[in-house]
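K.L.:
To start, I am sharing the structure in question, which I have written as structure tokens.
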Amino acid sequence: MNMPLIMTLAGATVLLCGCVTQHPQNAEEFRKMAPGAFMVKVETHEVNRSLREIGATFRARAPECMNMRVTTTSQMPGSYQVIVSAYKPTVVVTDERAELHVQRHHEKGVLAVTKEPEGGYYLIVADAYPVDAKRSRLQIIGPSKGYDVIYRAIIGWATGKNLGCPDLAKIG
Amino acid sequence: MICPRRIAGWLLGASLVAGCSGIKTYPDAMPKNLNIRTEASSGSAFGRMRVAVHIHQVDANCRTEYQGTVQLNEPSVQIGVPSDRLSYLVFSFSSSTFLGGSSSSISYETLLWPRAGHAYDARASYKDNIYHVEIRETDPRRSAGRTIERRRLDECRQRG
């Protein structure tokens, strides 16, 4: 990486430190922060599956698909960047809802500018609530751009129509 | 006209590059018990998606030894994996773009203990940046098969 680019990134980091004072430290803080936050969206879907079925699919698919480390490399004239990201999914199922939290910790290539919760910054929180015995309402909170593949994967798991894993190298 | 000496030089260079990559072709020596069906698309006119399976032998101490790679270029490919012993299969989905020079790769790994006399059918798909690998075991004497649960290498180590 060349020096002007390093200086630019360092400057941007300092500016960002001034803008972002703190990140959510748990899923509940993430849910509260979402409405109106910059570059954050809330999606809601109605799903023809019970809360128990959705919870079971989250439990089966999330650790298999998201508990991983991803290395991305970008190369442009004058720069070469390697980012290593570790993803951590957490599934919590109660009678009230089935939750899926996705956290990301950058092990290499990105500086943490604010206090980072254990396991990484919260990236996405998906909650399924029961509508009736056979239907549920799925709410996904996360970044508004660049993470579409994770949203689609979570919807696929919730509906049971696509159990594939999101290619985490293609996000952001 | 191209000089034969130059062609020989290119071939030597290509073979050196192939040797340095560490990738070797999986030997086609065993009875074919694993049929792999592949369906992959990069989703972009300027992109390319390559799917491959890397086969490793696993010893009693859960140490792996790389045996070779099969490029899954065809919709269906049949390979032979040793029966009644543990193997470690790594399916890799590698995408690259013609413009911009970006590339990425994601893999799905699982242990597999093929049973003698059984047939295995794997489906590897990649579409719209979502990938899926499923392996099924069928006993030729019975019609119904079963899905083989994914087992990671650290599960082998945990069992000792």
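Residue numbers start at 1 in each chain; chains themselves are named A, B, ... in the order of the structure tokens; ligands are numbered from 1 in the order shown.
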Using only C-alpha atoms, which chain A residues lie at most 12 Å away from chain B, written as JSON, numbers by chain?

P.N.:
{"A": [60, 61, 63, 64, 65, 66, 67, 68, 69, 70, 71, 72, 73, 74, 75, 76, 77, 80, 81, 82, 83, 147, 148, 149, 150, 151, 152, 153, 154, 156, 157, 162, 163, 164, 165, 166, 167, 168, 169, 170, 171]}

K.L.:
Take the residues from that selection and put them in a file with C-alpha atoms, as a PDB file, in the first residue's frame.

P.N.:
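Just written: selection-v1.pdb:
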```pdb
ATOM      1  CA  ALA A  60     -29.028 -25.831  11.965  1.00  0.00           C
ATOM      2  CA  ARG A  61     -27.880 -23.397   9.306  1.00  0.00           C
ATOM      3  CA  PRO A  63     -23.422 -22.077  12.729  1.00  0.00           C
ATOM      4  CA  GLU A  64     -22.692 -24.065   9.580  1.00  0.00           C
ATOM      5  CA  CYS A  65     -22.872 -21.105   7.223  1.00  0.00           C
ATOM      6  CA  MET A  66     -21.688 -18.174   9.279  1.00  0.00           C
ATOM      7  CA  ASN A  67     -19.236 -19.420  11.847  1.00  0.00           C
ATOM      8  CA  MET A  68     -16.239 -18.735   9.660  1.00  0.00           C
ATOM      9  CA  ARG A  69     -13.280 -16.596   8.806  1.00  0.00           C
ATOM     10  CA  VAL A  70     -13.230 -14.831   5.433  1.00  0.00           C
ATOM     11  CA  THR A  71     -10.231 -13.333   3.697  1.00  0.00           C
ATOM     12  CA  THR A  72     -10.844 -10.775   0.971  1.00  0.00           C
ATOM     13  CA  THR A  73      -8.159  -9.301  -1.192  1.00  0.00           C
ATOM     14  CA  SER A  74      -8.482  -6.237  -3.342  1.00  0.00           C
ATOM     15  CA  GLN A  75      -5.837  -5.099  -5.719  1.00  0.00           C
ATOM     16  CA  MET A  76      -5.734  -1.809  -7.550  1.00  0.00           C
ATOM     17  CA  PRO A  77      -2.915   0.130  -9.126  1.00  0.00           C
ATOM     18  CA  TYR A  80      -3.091  -4.065  -2.196  1.00  0.00           C
ATOM     19  CA  GLN A  81      -5.370  -4.746   0.741  1.00  0.00           C
ATOM     20  CA  VAL A  82      -6.081  -7.914   2.680  1.00  0.00           C
ATOM     21  CA  ILE A  83      -8.964  -8.005   5.155  1.00  0.00           C
ATOM     22  CA  TYR A 147     -25.316  -7.171   2.560  1.00  0.00           C
ATOM     23  CA  ASP A 148     -28.236  -8.350   0.431  1.00  0.00           C
ATOM     24  CA  VAL A 149     -26.890 -11.908   0.247  1.00  0.00           C
ATOM     25  CA  ILE A 150     -27.154 -12.338   4.046  1.00  0.00           C
ATOM     26  CA  TYR A 151     -30.718 -11.032   4.040  1.00  0.00           C
ATOM     27  CA  ARG A 152     -31.648 -13.473   1.250  1.00  0.00           C
ATOM     28  CA  ALA A 153     -30.006 -16.379   3.062  1.00  0.00           C
ATOM     29  CA  ILE A 154     -31.849 -15.619   6.321  1.00  0.00           C
ATOM     30  CA  GLY A 156     -34.388 -18.643   2.689  1.00  0.00           C
ATOM     31  CA  TRP A 157     -33.780 -20.337   6.056  1.00  0.00           C
ATOM     32  CA  ASN A 162     -33.369 -22.207   0.334  1.00  0.00           C
ATOM     33  CA  LEU A 163     -30.987 -23.675   2.892  1.00  0.00           C
ATOM     34  CA  GLY A 164     -27.846 -22.480   1.126  1.00  0.00           C
ATOM     35  CA  CYS A 165     -25.106 -20.426   2.745  1.00  0.00           C
ATOM     36  CA  PRO A 166     -24.347 -16.810   1.878  1.00  0.00           C
ATOM     37  CA  ASP A 167     -20.968 -16.232   0.270  1.00  0.00           C
ATOM     38  CA  LEU A 168     -19.559 -13.944   2.950  1.00  0.00           C
ATOM     39  CA  ALA A 169     -16.703 -12.980   0.652  1.00  0.00           C
ATOM     40  CA  LYS A 170     -19.247 -11.078  -1.453  1.00  0.00           C
ATOM     41  CA  ILE A 171     -20.552  -8.649   1.119  1.00  0.00           C
TER      42      ILE A 171
END
```

K.L.:
Chain A: which residues are strand (DSSP E) by DSSP, as a PyMOL selection string?

P.N.:
chain A and resi 40-47+69-76+79-93+98-108+121-130+136-143+165-166

K.L.:
Hey, what's within 10 Å of B:His118 if we count only C-alpha atoms and toss same-chain stuff fewer than 5 positions away? As a list in words, please?

P.N.:
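Neighbouring residues, sequence-local ones excluded: Asn33, Leu34, Ser83, Glu137, Thr138, Asp139, Pro140, Arg141 and Gly145 of chain B.
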
K.L.:
Can I get the selection written as a compact mmCIF listing (two decimals), in the first residue's frame, with N, CA and C atoms?

P.N.:
```
# COMPACT_ATOMS: atom_id res chain seq x y z
N ASN B 33 -17.55 -44.15 -6.66
CA ASN B 33 -18.67 -44.27 -5.72
C ASN B 33 -19.28 -42.93 -5.35
N LEU B 34 -18.73 -41.85 -5.89
CA LEU B 34 -19.27 -40.52 -5.58
C LEU B 34 -19.58 -39.78 -6.88
N SER B 83 -13.23 -46.50 0.24
CA SER B 83 -14.30 -46.95 1.13
C SER B 83 -13.72 -47.36 2.48
N GLU B 137 -26.31 -40.55 0.80
CA GLU B 137 -25.81 -41.92 0.70
C GLU B 137 -26.97 -42.82 0.28
N THR B 138 -26.73 -43.69 -0.67
CA THR B 138 -27.78 -44.64 -1.04
C THR B 138 -27.21 -46.05 -1.02
N ASP B 139 -28.05 -46.94 -0.52
CA ASP B 139 -27.70 -48.36 -0.52
C ASP B 139 -28.40 -48.96 -1.73
N PRO B 140 -27.66 -49.52 -2.67
CA PRO B 140 -28.30 -50.03 -3.89
C PRO B 140 -29.40 -51.04 -3.61
N ARG B 141 -29.36 -51.69 -2.41
CA ARG B 141 -30.39 -52.70 -2.10
C ARG B 141 -31.68 -52.06 -1.58
N GLY B 145 -32.53 -43.11 0.42
CA GLY B 145 -31.19 -42.76 0.86
C GLY B 145 -31.25 -41.88 2.09
```

K.L.:
Just the number, please: distance in Å from atom CA of B:Asp154 to atom CA of A:Thr94, one decimal.

P.N.:
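Result for atom CA of B:Asp154 versus atom CA of A:Thr94: 29.4 Å, one decimal.
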
K.L.:
To test your reading of the structure, identify every residue in stretch 88-164 of chain A that backbone DSSP assigns to helix (DSSP H, G or I), and report it as a JSON list (two decimals) with C-alpha atoms, in the first residue's frame.

P.N.:
```json
[["chain", "number", "residue", "atom", "x", "y", "z"],
["A", 148, "ASP", "CA", -28.24, -8.35, 0.43],
["A", 149, "VAL", "CA", -26.89, -11.91, 0.25],
["A", 150, "ILE", "CA", -27.15, -12.34, 4.05],
["A", 151, "TYR", "CA", -30.72, -11.03, 4.04],
["A", 152, "ARG", "CA", -31.65, -13.47, 1.25],
["A", 153, "ALA", "CA", -30.01, -16.38, 3.06],
["A", 154, "ILE", "CA", -31.85, -15.62, 6.32],
["A", 155, "ILE", "CA", -35.18, -15.33, 4.45],
["A", 156, "GLY", "CA", -34.39, -18.64, 2.69],
["A", 157, "TRP", "CA", -33.78, -20.34, 6.06],
["A", 158, "ALA", "CA", -36.88, -18.81, 7.62],
["A", 159, "THR", "CA", -39.14, -19.88, 4.75]]
```

K.L.:
Between B:Val53, B:Val77, B:Cys62, B:Ala40, single out the one closest to B:Ile23, counting only C-alpha atoms.

P.N.:
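Of all the options, B:Val53 lies closest to B:Ile23.
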
K.L.:
May I ask which of the residues A:Lys88, A:Lys115, A:Lys134, A:Lys161 is the closest one to A:His101, counting only C-alpha atoms?

P.N.:
A:Lys88

K.L.:
How many Å separate atom CA of B:Arg37 from atom CA of B:Gly80?

P.N.:
14.4 Å

K.L.:
Name all residues at most 10 Å from A:Arg49 (count only C-alpha atoms; drop same-chain ones fewer than 3 positions away) and give them as a ChimeraX atom specification.

P.N.:
/A:46,52-54,130-137,158-160

K.L.:
Could those residues be written to a file, using N, CA and C atoms, as a compact mmCIF listing (two decimals), in the first residue's frame?

P.N.:
```txt
# COMPACT_ATOMS: atom_id res chain seq x y z
N GLU A 46 -43.56 -11.77 6.12
CA GLU A 46 -44.44 -12.77 6.74
C GLU A 46 -44.07 -14.13 6.17
N ARG A 52 -41.19 -22.35 15.91
CA ARG A 52 -40.35 -23.49 16.26
C ARG A 52 -39.56 -23.99 15.03
N GLU A 53 -40.22 -24.04 13.88
CA GLU A 53 -39.54 -24.49 12.65
C GLU A 53 -38.44 -23.50 12.26
N ILE A 54 -38.74 -22.23 12.34
CA ILE A 54 -37.75 -21.22 11.98
C ILE A 54 -36.55 -21.29 12.92
N PRO A 130 -44.08 -15.06 16.48
CA PRO A 130 -45.24 -15.84 16.02
C PRO A 130 -46.41 -14.93 15.66
N VAL A 131 -47.07 -15.25 14.54
CA VAL A 131 -48.31 -14.57 14.17
C VAL A 131 -49.47 -15.46 14.62
N ASP A 132 -49.36 -16.74 14.25
CA ASP A 132 -50.27 -17.76 14.79
C ASP A 132 -49.49 -19.07 14.81
N ALA A 133 -50.18 -20.18 14.94
CA ALA A 133 -49.48 -21.46 15.12
C ALA A 133 -48.62 -21.84 13.92
N LYS A 134 -49.01 -21.34 12.74
CA LYS A 134 -48.30 -21.76 11.53
C LYS A 134 -47.59 -20.63 10.79
N ARG A 135 -47.76 -19.42 11.28
CA ARG A 135 -47.15 -18.29 10.56
C ARG A 135 -46.32 -17.44 11.53
N SER A 136 -45.32 -16.77 10.94
CA SER A 136 -44.44 -15.93 11.75
C SER A 136 -44.12 -14.64 10.99
N ARG A 137 -43.69 -13.67 11.77
CA ARG A 137 -43.24 -12.41 11.16
C ARG A 137 -41.74 -12.29 11.39
N ALA A 158 -35.61 -19.00 6.91
CA ALA A 158 -36.88 -18.81 7.62
C ALA A 158 -38.04 -19.46 6.86
N THR A 159 -38.05 -19.30 5.54
CA THR A 159 -39.14 -19.88 4.75
C THR A 159 -38.91 -21.37 4.51
N GLY A 160 -37.67 -21.81 4.66
CA GLY A 160 -37.32 -23.20 4.39
C GLY A 160 -37.16 -23.49 2.91
```
